[in-house]
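Source file: final12.pdb. Holds: PDB, C-alpha atoms and all ligand atoms.
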```
ATOM      1  CA  MET A  23     102.712   7.462 -11.634
ATOM      2  CA  THR A  24     102.790   3.848 -12.748
ATOM      3  CA  ASN A  25      99.515   2.336 -11.643
ATOM      4  CA  ILE A  26      97.249   5.089 -12.793
ATOM      5  CA  CYS A  27      95.648   4.892 -16.216
ATOM      6  CA  GLN A  28      95.357   8.612 -16.667
ATOM      7  CA  PRO A  29      97.841   9.862 -19.268
ATOM      8  CA  ASN A  30     100.678  11.795 -17.656
ATOM      9  CA  ASN A  31     100.912  14.241 -20.526
ATOM     10  CA  TRP A  32      97.745  16.158 -19.687
ATOM     11  CA  ASN A  33      97.373  19.475 -21.433
ATOM     12  CA  ALA A  34      97.008  21.481 -18.207
ATOM     13  CA  THR A  35      96.043  24.729 -19.944
ATOM     14  CA  LEU A  36      93.255  23.063 -21.927
ATOM     15  CA  TYR A  37      92.116  21.276 -18.782
ATOM     16  CA  GLN A  38      91.994  24.504 -16.810
ATOM     17  CA  ASP A  39      90.370  26.632 -19.525
ATOM     18  CA  LYS A  40      87.832  24.229 -21.032
ATOM     19  CA  HIS A  41      87.034  21.705 -18.325
ATOM     20  CA  ALA A  42      86.539  23.950 -15.307
ATOM     21  CA  PHE A  43      83.407  21.978 -14.410
ATOM     22  CA  VAL A  44      85.708  19.328 -12.898
ATOM     23  CA  TRP A  45      86.560  21.495  -9.915
ATOM     24  CA  GLN A  46      83.420  23.668 -10.036
ATOM     25  CA  TYR A  47      81.339  20.573  -9.218
ATOM     26  CA  GLY A  48      84.011  19.631  -6.658
ATOM     27  CA  GLU A  49      83.046  22.655  -4.575
ATOM     28  CA  ASP A  50      80.046  20.694  -3.236
ATOM     29  CA  LEU A  51      82.472  18.081  -1.996
ATOM     30  CA  LEU A  52      84.261  20.716   0.063
ATOM     31  CA  GLN A  53      81.139  20.988   2.179
ATOM     32  CA  LEU A  54      81.460  17.289   2.985
ATOM     33  CA  LEU A  55      85.137  17.799   3.842
ATOM     34  CA  ASN A  56      84.266  20.726   6.132
ATOM     35  CA  PRO A  57      87.908  21.769   6.601
ATOM     36  CA  GLN A  58      88.818  23.457   9.875
ATOM     37  CA  PRO A  59      91.540  26.046  10.544
ATOM     38  CA  GLY A  60      94.862  24.389  11.319
ATOM     39  CA  GLU A  61      93.901  20.942  10.044
ATOM     40  CA  LEU A  62      96.505  19.091   7.964
ATOM     41  CA  ILE A  63      94.862  18.122   4.670
ATOM     42  CA  LEU A  64      96.094  16.531   1.445
ATOM     43  CA  ASP A  65      94.368  17.196  -1.886
ATOM     44  CA  LEU A  66      94.987  13.904  -3.692
ATOM     45  CA  GLY A  67      95.022  14.432  -7.466
ATOM     46  CA  CYS A  68      94.895  18.206  -7.130
ATOM     47  CA  GLY A  69      95.087  18.982 -10.874
ATOM     48  CA  THR A  70      95.663  22.693 -11.416
ATOM     49  CA  GLY A  71      95.038  23.478  -7.738
ATOM     50  CA  GLN A  72      91.702  25.329  -7.662
ATOM     51  CA  LEU A  73      90.164  23.189  -4.901
ATOM     52  CA  THR A  74      93.459  23.103  -2.972
ATOM     53  CA  GLU A  75      93.257  26.903  -2.830
ATOM     54  CA  LYS A  76      89.620  26.774  -1.644
ATOM     55  CA  ILE A  77      90.656  24.441   1.165
ATOM     56  CA  ALA A  78      93.543  26.782   2.081
ATOM     57  CA  GLN A  79      91.105  29.703   2.305
ATOM     58  CA  THR A  80      89.436  27.993   5.292
ATOM     59  CA  GLY A  81      92.678  28.219   7.285
ATOM     60  CA  ALA A  82      93.578  24.541   6.893
ATOM     61  CA  GLU A  83      97.199  23.632   6.112
ATOM     62  CA  VAL A  84      96.752  21.974   2.759
ATOM     63  CA  SER A  85      99.103  20.569   0.147
ATOM     64  CA  GLY A  86      98.377  18.942  -3.205
ATOM     65  CA  ILE A  87      99.809  16.002  -5.107
ATOM     66  CA  ASP A  88      99.180  14.878  -8.671
ATOM     67  CA  SER A  89     100.773  12.315 -10.970
ATOM     68  CA  ALA A  90     100.960  14.712 -13.900
ATOM     69  CA  PRO A  91     103.965  17.068 -13.900
ATOM     70  CA  ALA A  92     102.139  19.508 -16.212
ATOM     71  CA  MET A  93      99.282  19.829 -13.716
ATOM     72  CA  ILE A  94     101.663  20.452 -10.815
ATOM     73  CA  GLU A  95     103.564  23.038 -12.816
ATOM     74  CA  LYS A  96     100.294  24.868 -13.530
ATOM     75  CA  ALA A  97      99.135  24.552  -9.904
ATOM     76  CA  ARG A  98     102.408  26.105  -8.709
ATOM     77  CA  GLN A  99     102.004  28.979 -11.192
ATOM     78  CA  ASN A 100      98.404  29.513 -10.100
ATOM     79  CA  TYR A 101      99.030  29.368  -6.341
ATOM     80  CA  PRO A 102     102.727  29.917  -5.576
ATOM     81  CA  HIS A 103     102.001  30.239  -1.834
ATOM     82  CA  LEU A 104     100.811  26.590  -1.668
ATOM     83  CA  ASN A 105     102.762  23.345  -1.595
ATOM     84  CA  PHE A 106     102.348  21.031  -4.613
ATOM     85  CA  ASP A 107     104.269  17.881  -5.540
ATOM     86  CA  VAL A 108     104.284  15.246  -8.257
ATOM     87  CA  ALA A 109     103.509  11.921  -6.552
ATOM     88  CA  ASP A 110     101.916   8.545  -7.129
ATOM     89  CA  VAL A 111      98.391   8.167  -5.744
ATOM     90  CA  THR A 112      99.043   4.468  -5.146
ATOM     91  CA  TYR A 113     102.323   5.015  -3.362
ATOM     92  CA  PHE A 114     102.754   8.297  -1.557
ATOM     93  CA  GLN A 115     103.991   9.126   1.912
ATOM     94  CA  VAL A 116     103.490  12.139   4.132
ATOM     95  CA  LYS A 117     105.832  13.696   6.677
ATOM     96  CA  GLN A 118     103.165  14.057   9.365
ATOM     97  CA  PRO A 119      99.910  12.112   9.824
ATOM     98  CA  LEU A 120      96.974  14.010   8.332
ATOM     99  CA  ASP A 121      93.549  15.040   9.565
ATOM    100  CA  ALA A 122      92.018  14.464   6.141
ATOM    101  CA  VAL A 123      92.668  13.275   2.603
ATOM    102  CA  PHE A 124      90.427  14.904  -0.013
ATOM    103  CA  SER A 125      90.092  13.675  -3.592
ATOM    104  CA  ASN A 126      87.892  14.962  -6.394
ATOM    105  CA  ALA A 127      87.473  13.258  -9.791
ATOM    106  CA  VAL A 128      90.682  11.222  -9.635
ATOM    107  CA  LEU A 129      90.103   7.739  -8.267
ATOM    108  CA  HIS A 130      88.276   6.547 -11.391
ATOM    109  CA  TRP A 131      91.708   6.679 -13.070
ATOM    110  CA  VAL A 132      93.202   4.362 -10.437
ATOM    111  CA  LYS A 133      92.611   0.695 -11.215
ATOM    112  CA  SER A 134      94.841  -0.364  -8.298
ATOM    113  CA  ALA A 135      92.239   0.797  -5.784
ATOM    114  CA  GLU A 136      93.630  -1.335  -2.929
ATOM    115  CA  LYS A 137      97.043   0.304  -3.232
ATOM    116  CA  ALA A 138      95.565   3.800  -3.269
ATOM    117  CA  ILE A 139      93.432   3.007  -0.214
ATOM    118  CA  ALA A 140      96.473   1.594   1.628
ATOM    119  CA  SER A 141      98.435   4.800   0.936
ATOM    120  CA  ILE A 142      95.537   6.967   2.074
ATOM    121  CA  HIS A 143      95.149   4.882   5.231
ATOM    122  CA  GLN A 144      98.820   5.161   6.216
ATOM    123  CA  ALA A 145      98.728   8.916   5.612
ATOM    124  CA  LEU A 146      95.888   9.582   8.071
ATOM    125  CA  LYS A 147      95.831   9.991  11.847
ATOM    126  CA  PRO A 148      93.544   7.539  13.682
ATOM    127  CA  GLY A 149      90.090   9.103  13.328
ATOM    128  CA  GLY A 150      91.243  11.049  10.257
ATOM    129  CA  ARG A 151      88.822  11.239   7.348
ATOM    130  CA  PHE A 152      88.932  10.377   3.674
ATOM    131  CA  VAL A 153      86.473  12.413   1.608
ATOM    132  CA  ALA A 154      86.230  11.590  -2.081
ATOM    133  CA  GLU A 155      84.155  11.821  -5.222
ATOM    134  CA  PHE A 156      84.770   9.814  -8.390
ATOM    135  CA  GLY A 157      82.931   8.038 -11.172
ATOM    136  CA  GLY A 158      80.847   5.072 -10.051
ATOM    137  CA  ARG A 159      79.216   2.129 -11.777
ATOM    138  CA  GLY A 160      77.545   3.291 -15.010
ATOM    139  CA  ASN A 161      79.548   6.515 -15.255
ATOM    140  CA  VAL A 162      79.763   7.835 -18.845
ATOM    141  CA  GLN A 163      78.359   4.492 -19.918
ATOM    142  CA  MET A 164      76.740   5.739 -23.112
ATOM    143  CA  ILE A 165      79.949   7.497 -24.162
ATOM    144  CA  ALA A 166      82.179   4.514 -23.301
ATOM    145  CA  GLN A 167      79.943   2.079 -25.182
ATOM    146  CA  ALA A 168      79.705   4.354 -28.219
ATOM    147  CA  LEU A 169      83.497   4.756 -28.240
ATOM    148  CA  SER A 170      84.099   1.006 -28.043
ATOM    149  CA  SER A 171      81.624   0.351 -30.858
ATOM    150  CA  ALA A 172      83.115   3.107 -33.023
ATOM    151  CA  VAL A 173      86.670   1.767 -32.504
ATOM    152  CA  GLU A 174      85.546  -1.756 -33.394
ATOM    153  CA  ALA A 175      83.671  -0.414 -36.432
ATOM    154  CA  ILE A 176      87.030   0.451 -38.034
ATOM    155  CA  ALA A 177      88.183  -3.142 -37.528
ATOM    156  CA  ILE A 178      90.179  -2.601 -34.313
ATOM    157  CA  PRO A 179      89.247  -5.558 -32.056
ATOM    158  CA  ASN A 180      88.767  -5.673 -28.250
ATOM    159  CA  ALA A 181      88.175  -1.961 -27.882
ATOM    160  CA  GLN A 182      87.011  -2.429 -24.267
ATOM    161  CA  THR A 183      90.622  -3.236 -23.315
ATOM    162  CA  ARG A 184      91.433   0.386 -24.156
ATOM    163  CA  ASN A 185      89.001   1.616 -21.498
ATOM    164  CA  PRO A 186      91.175   3.519 -18.968
ATOM    165  CA  TRP A 187      88.597   3.889 -16.187
ATOM    166  CA  TYR A 188      87.606   2.162 -12.962
ATOM    167  CA  PHE A 189      83.982   2.824 -12.089
ATOM    168  CA  PRO A 190      83.225   0.541  -9.122
ATOM    169  CA  ARG A 191      79.929  -0.373  -7.547
ATOM    170  CA  ILE A 192      79.427   1.441  -4.284
ATOM    171  CA  ALA A 193      79.454  -1.869  -2.350
ATOM    172  CA  GLU A 194      82.740  -2.858  -3.972
ATOM    173  CA  TYR A 195      84.531   0.348  -2.954
ATOM    174  CA  THR A 196      83.109   0.514   0.570
ATOM    175  CA  THR A 197      84.112  -3.130   1.094
ATOM    176  CA  LEU A 198      87.674  -2.344   0.016
ATOM    177  CA  LEU A 199      87.726   0.541   2.482
ATOM    178  CA  GLU A 200      86.387  -1.575   5.335
ATOM    179  CA  HIS A 201      88.899  -4.336   4.652
ATOM    180  CA  GLN A 202      91.722  -1.834   4.989
ATOM    181  CA  GLY A 203      90.670  -0.313   8.302
ATOM    182  CA  PHE A 204      88.136   2.379   7.483
ATOM    183  CA  ASP A 205      84.617   2.951   8.799
ATOM    184  CA  VAL A 206      82.473   4.190   5.930
ATOM    185  CA  ILE A 207      80.139   6.764   7.426
ATOM    186  CA  TYR A 208      78.617   8.116   4.193
ATOM    187  CA  ALA A 209      78.400   6.656   0.700
ATOM    188  CA  VAL A 210      76.129   7.569  -2.148
ATOM    189  CA  LEU A 211      75.933   6.944  -5.902
ATOM    190  CA  LEU A 212      74.212   9.736  -7.778
ATOM    191  CA  ALA A 213      73.467  10.563 -11.392
ATOM    192  CA  ARG A 214      74.922  13.946 -12.294
ATOM    193  CA  PRO A 215      74.352  14.765 -15.962
ATOM    194  CA  THR A 216      77.148  17.223 -16.763
ATOM    195  CA  PRO A 217      76.860  19.863 -19.511
ATOM    196  CA  LEU A 218      80.082  20.181 -21.519
ATOM    197  CA  ALA A 219      81.604  23.466 -22.664
ATOM    198  CA  ASP A 220      82.143  24.457 -26.309
ATOM    199  CA  GLY A 221      78.727  23.853 -27.862
ATOM    200  CA  GLU A 222      78.747  21.453 -30.769
ATOM    201  CA  ALA A 223      82.477  20.674 -30.266
ATOM    202  CA  GLY A 224      81.913  19.795 -26.603
ATOM    203  CA  LEU A 225      81.841  16.001 -26.898
ATOM    204  CA  ALA A 226      84.790  15.858 -29.310
ATOM    205  CA  ASN A 227      86.857  18.027 -26.949
ATOM    206  CA  TRP A 228      85.862  15.911 -23.951
ATOM    207  CA  ILE A 229      86.881  12.720 -25.799
ATOM    208  CA  ARG A 230      90.251  14.204 -26.793
ATOM    209  CA  MET A 231      90.897  15.368 -23.214
ATOM    210  CA  PHE A 232      89.593  12.441 -21.168
ATOM    211  CA  ALA A 233      89.131   9.450 -23.465
ATOM    212  CA  SER A 234      92.269   9.622 -25.586
ATOM    213  CA  ALA A 235      93.166   6.060 -24.486
ATOM    214  CA  PHE A 236      90.539   4.820 -26.966
ATOM    215  CA  LEU A 237      92.343   6.652 -29.791
ATOM    216  CA  VAL A 238      95.974   5.769 -29.052
ATOM    217  CA  GLY A 239      97.952   4.579 -32.087
ATOM    218  CA  LEU A 240      95.235   5.500 -34.584
ATOM    219  CA  SER A 241      95.720   7.882 -37.491
ATOM    220  CA  VAL A 242      94.220  11.364 -37.404
ATOM    221  CA  GLU A 243      91.654  10.238 -40.004
ATOM    222  CA  GLN A 244      90.662   7.210 -37.924
ATOM    223  CA  GLN A 245      90.334   9.353 -34.786
ATOM    224  CA  THR A 246      88.133  11.852 -36.608
ATOM    225  CA  GLN A 247      85.977   9.047 -37.984
ATOM    226  CA  ILE A 248      85.525   7.521 -34.527
ATOM    227  CA  ILE A 249      84.577  10.821 -32.930
ATOM    228  CA  ARG A 250      82.077  11.574 -35.748
ATOM    229  CA  ASN A 251      80.568   8.118 -35.318
ATOM    230  CA  VAL A 252      80.206   8.632 -31.544
ATOM    231  CA  GLU A 253      78.630  12.063 -32.053
ATOM    232  CA  ASP A 254      76.139  10.720 -34.608
ATOM    233  CA  HIS A 255      75.218   7.847 -32.326
ATOM    234  CA  LEU A 256      74.788   9.929 -29.171
ATOM    235  CA  LYS A 257      73.311  13.129 -30.584
ATOM    236  CA  PRO A 258      69.674  12.079 -30.089
ATOM    237  CA  ARG A 259      70.293  11.342 -26.396
ATOM    238  CA  LEU A 260      73.065  13.667 -25.214
ATOM    239  CA  TYR A 261      72.826  16.809 -27.370
ATOM    240  CA  GLN A 262      70.144  19.401 -26.803
ATOM    241  CA  GLU A 263      69.856  23.083 -27.662
ATOM    242  CA  GLY A 264      73.519  23.413 -28.616
ATOM    243  CA  THR A 265      74.979  21.629 -25.569
ATOM    244  CA  TRP A 266      76.337  18.130 -25.042
ATOM    245  CA  THR A 267      75.631  16.581 -21.634
ATOM    246  CA  ALA A 268      77.820  13.731 -20.365
ATOM    247  CA  ASP A 269      76.103  10.912 -18.463
ATOM    248  CA  TYR A 270      78.125  11.174 -15.243
ATOM    249  CA  ARG A 271      77.364   9.035 -12.172
ATOM    250  CA  ARG A 272      79.385   9.844  -9.075
ATOM    251  CA  ILE A 273      80.279   8.029  -5.894
ATOM    252  CA  ARG A 274      80.700  10.253  -2.849
ATOM    253  CA  ILE A 275      82.304   8.798   0.213
ATOM    254  CA  ILE A 276      83.316   9.802   3.715
ATOM    255  CA  ALA A 277      85.355   7.178   5.560
ATOM    256  CA  THR A 278      87.255   7.494   8.815
ATOM    257  CA  LYS A 279      90.402   5.635   9.819
ATOM    258  CA  VAL A 280      89.601   3.255  12.682
TER
HETATM  259  C1  LIG B   1      84.541  11.792 -14.396
HETATM  260  O1  LIG B   1      84.876  12.832 -13.816
HETATM  261  O2  LIG B   1      83.623  11.078 -14.004
HETATM  262  C2  LIG B   1      85.280  11.383 -15.591
HETATM  263  C3  LIG B   1      86.151  12.248 -16.158
HETATM  264  C4  LIG B   1      86.832  11.847 -17.250
HETATM  265  C5  LIG B   1      86.653  10.594 -17.771
HETATM  266  C6  LIG B   1      85.767   9.754 -17.198
HETATM  267  C7  LIG B   1      85.079  10.147 -16.100
END
```
Turn the structure described in the file into structure tokens.
Ligand code: BEZ
Amino acid sequence: MTNICQPNNWNATLYQDKHAFVWQYGEDLLQLLNPQPGELILDLGCGTGQLTEKIAQTGAEVSGIDSAPAMIEKARQNYPHLNFDVADVTYFQVKQPLDAVFSNAVLHWVKSAEKAIASIHQALKPGGRFVAEFGGRGNVQMIAQALSSAVEAIAIPNAQTRNPWYFPRIAEYTTLLEHQGFDVIYAVLLARPTPLADGEAGLANWIRMFASAFLVGLSVEQQTQIIRNVEDHLKPRLYQEGTWTADYRRIRIIATKV
């Protein structure tokens, strides 16, 4: 996948074992999707396939795509009865028009939002729905700022340019959708503080899994120093009783193709 900032070399096993909250929180989003038996649904950015399987359990005909080959390999191992493919979120095509496109915790990796929206639009039937959740304006702001400052503190300039994420304002994203032929029927931005697994190591593990773009090209010693600096800076605000909590803010959207 070329236009997505997410690294393609995800460690799918680590993702599945230590970051299960990604799809556990996504189960709420399934209620907004409200899949019906026989509906054709695409899980866009399906990761290791847990939510794809939940959608399949409703009787919908679901398939999953993801840009990361390691994720698709794991999804196929997990759910061999389902259909998974490696594909580009900003340029994918479907064989038959869909009733719904579902996407959890993926679109904040896609800076080319217009291209992703165009692909989603062409994939849907008229009246088909797009149901998504992703990071919105202010998502993981404390962590991102602490990372930038810690990178710059070791004399690496312009650390913000390493930021891999797109966290739009709600008005920005709904406007993009409307311009490309969607009616936005539900949109909300909500704070969802998210406890991280692994106790004291939780923030370091999260950074290594999801924020590695800030650390690219740096020595192991520099990476360790940056992570320590971030932990020291954020401990008073994000660490309590043995658990780190990430400052997540999510956009949830339902839009229908006009
Ligand atoms: C999120 O789910 O909001 C998220 C995950 C990883 C990095 C940044 C944001």
Next on the checklist: At a cut-off of 10 Å and counting all atoms listed in the file, what residues surround ligand LIG 1 (chain B)? Please answer as JSON, numbers by chain.
Outcome noted: {"A": [28, 41, 43, 44, 45, 47, 48, 126, 127, 128, 129, 130, 131, 155, 156, 157, 158, 160, 161, 162, 163, 165, 166, 185, 186, 187, 188, 189, 214, 216, 228, 229, 231, 232, 233, 234, 268, 269, 270, 271, 272, 273]}
Next on the checklist: Using all atoms listed in the file, can you tell me which of A:Gly149, A:Gly224, A:Pro91, A:Pro59 comes closest to A:Asp110?
Outcome noted: A:Pro91
Checklist entry - Skipping near chain neighbours, those fewer than 4 positions away, what residues fall within 8 Å of A:Ile192 using all atoms listed in the file, listed as a PyMOL selection string? => result chain A and resi 158-159+196+209-211+273
Next on the checklist: I'd like the contact shell of stretch 242-251 of chain A - 7 Å cut-off, all atoms listed in the file, skipping same-chain residues fewer than 3 positions apart - returned as a list in words.
Outcome noted: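 Near neighbours after the sequence-gap exclusion: Ala172, Val173, Ala226, Leu237, Asp254 and His255 of chain A.
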Next on the checklist: Could you tell me, as a PyMOL selection string, exactly which residues end up selected when the PyMOL selection byres (((chain A and resi 221) around 9) and not hetatm) is applied to this structure?
Outcome noted: chain A and resi 218-220+222-225+263-266
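Reported to one decimal place, the separation of atom CA of A:Lys147 from atom CA of A:Cys68 is 20.7 Å.
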Mind checking which residues fall within 10 Å of stretch 92-94 of chain A, counting all atoms listed in the file, ignoring those fewer than 2 positions away in the same chain, and posting them as a PDB file with C-alpha atoms, in the frame of the given file?
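Result file around.pdb:
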```
ATOM      1  CA  ASN A  30     100.678  11.795 -17.656  1.00  0.00           C
ATOM      2  CA  ASN A  31     100.912  14.241 -20.526  1.00  0.00           C
ATOM      3  CA  TRP A  32      97.745  16.158 -19.687  1.00  0.00           C
ATOM      4  CA  ASN A  33      97.373  19.475 -21.433  1.00  0.00           C
ATOM      5  CA  ALA A  34      97.008  21.481 -18.207  1.00  0.00           C
ATOM      6  CA  THR A  35      96.043  24.729 -19.944  1.00  0.00           C
ATOM      7  CA  TYR A  37      92.116  21.276 -18.782  1.00  0.00           C
ATOM      8  CA  GLN A  38      91.994  24.504 -16.810  1.00  0.00           C
ATOM      9  CA  GLY A  67      95.022  14.432  -7.466  1.00  0.00           C
ATOM     10  CA  CYS A  68      94.895  18.206  -7.130  1.00  0.00           C
ATOM     11  CA  GLY A  69      95.087  18.982 -10.874  1.00  0.00           C
ATOM     12  CA  THR A  70      95.663  22.693 -11.416  1.00  0.00           C
ATOM     13  CA  GLY A  71      95.038  23.478  -7.738  1.00  0.00           C
ATOM     14  CA  GLY A  86      98.377  18.942  -3.205  1.00  0.00           C
ATOM     15  CA  ILE A  87      99.809  16.002  -5.107  1.00  0.00           C
ATOM     16  CA  ASP A  88      99.180  14.878  -8.671  1.00  0.00           C
ATOM     17  CA  SER A  89     100.773  12.315 -10.970  1.00  0.00           C
ATOM     18  CA  ALA A  90     100.960  14.712 -13.900  1.00  0.00           C
ATOM     19  CA  LYS A  96     100.294  24.868 -13.530  1.00  0.00           C
ATOM     20  CA  ALA A  97      99.135  24.552  -9.904  1.00  0.00           C
ATOM     21  CA  ARG A  98     102.408  26.105  -8.709  1.00  0.00           C
ATOM     22  CA  GLN A  99     102.004  28.979 -11.192  1.00  0.00           C
ATOM     23  CA  ASN A 100      98.404  29.513 -10.100  1.00  0.00           C
ATOM     24  CA  ASN A 105     102.762  23.345  -1.595  1.00  0.00           C
ATOM     25  CA  PHE A 106     102.348  21.031  -4.613  1.00  0.00           C
ATOM     26  CA  ASP A 107     104.269  17.881  -5.540  1.00  0.00           C
ATOM     27  CA  VAL A 108     104.284  15.246  -8.257  1.00  0.00           C
ATOM     28  CA  ALA A 109     103.509  11.921  -6.552  1.00  0.00           C
TER      29      ALA A 109
END
```
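Remark: for A:Thr74, the closest of the candidate residues A:Thr267, A:Ala235, A:Asp39, A:Phe124 is A:Phe124 (distances computed over all atoms listed in the file).
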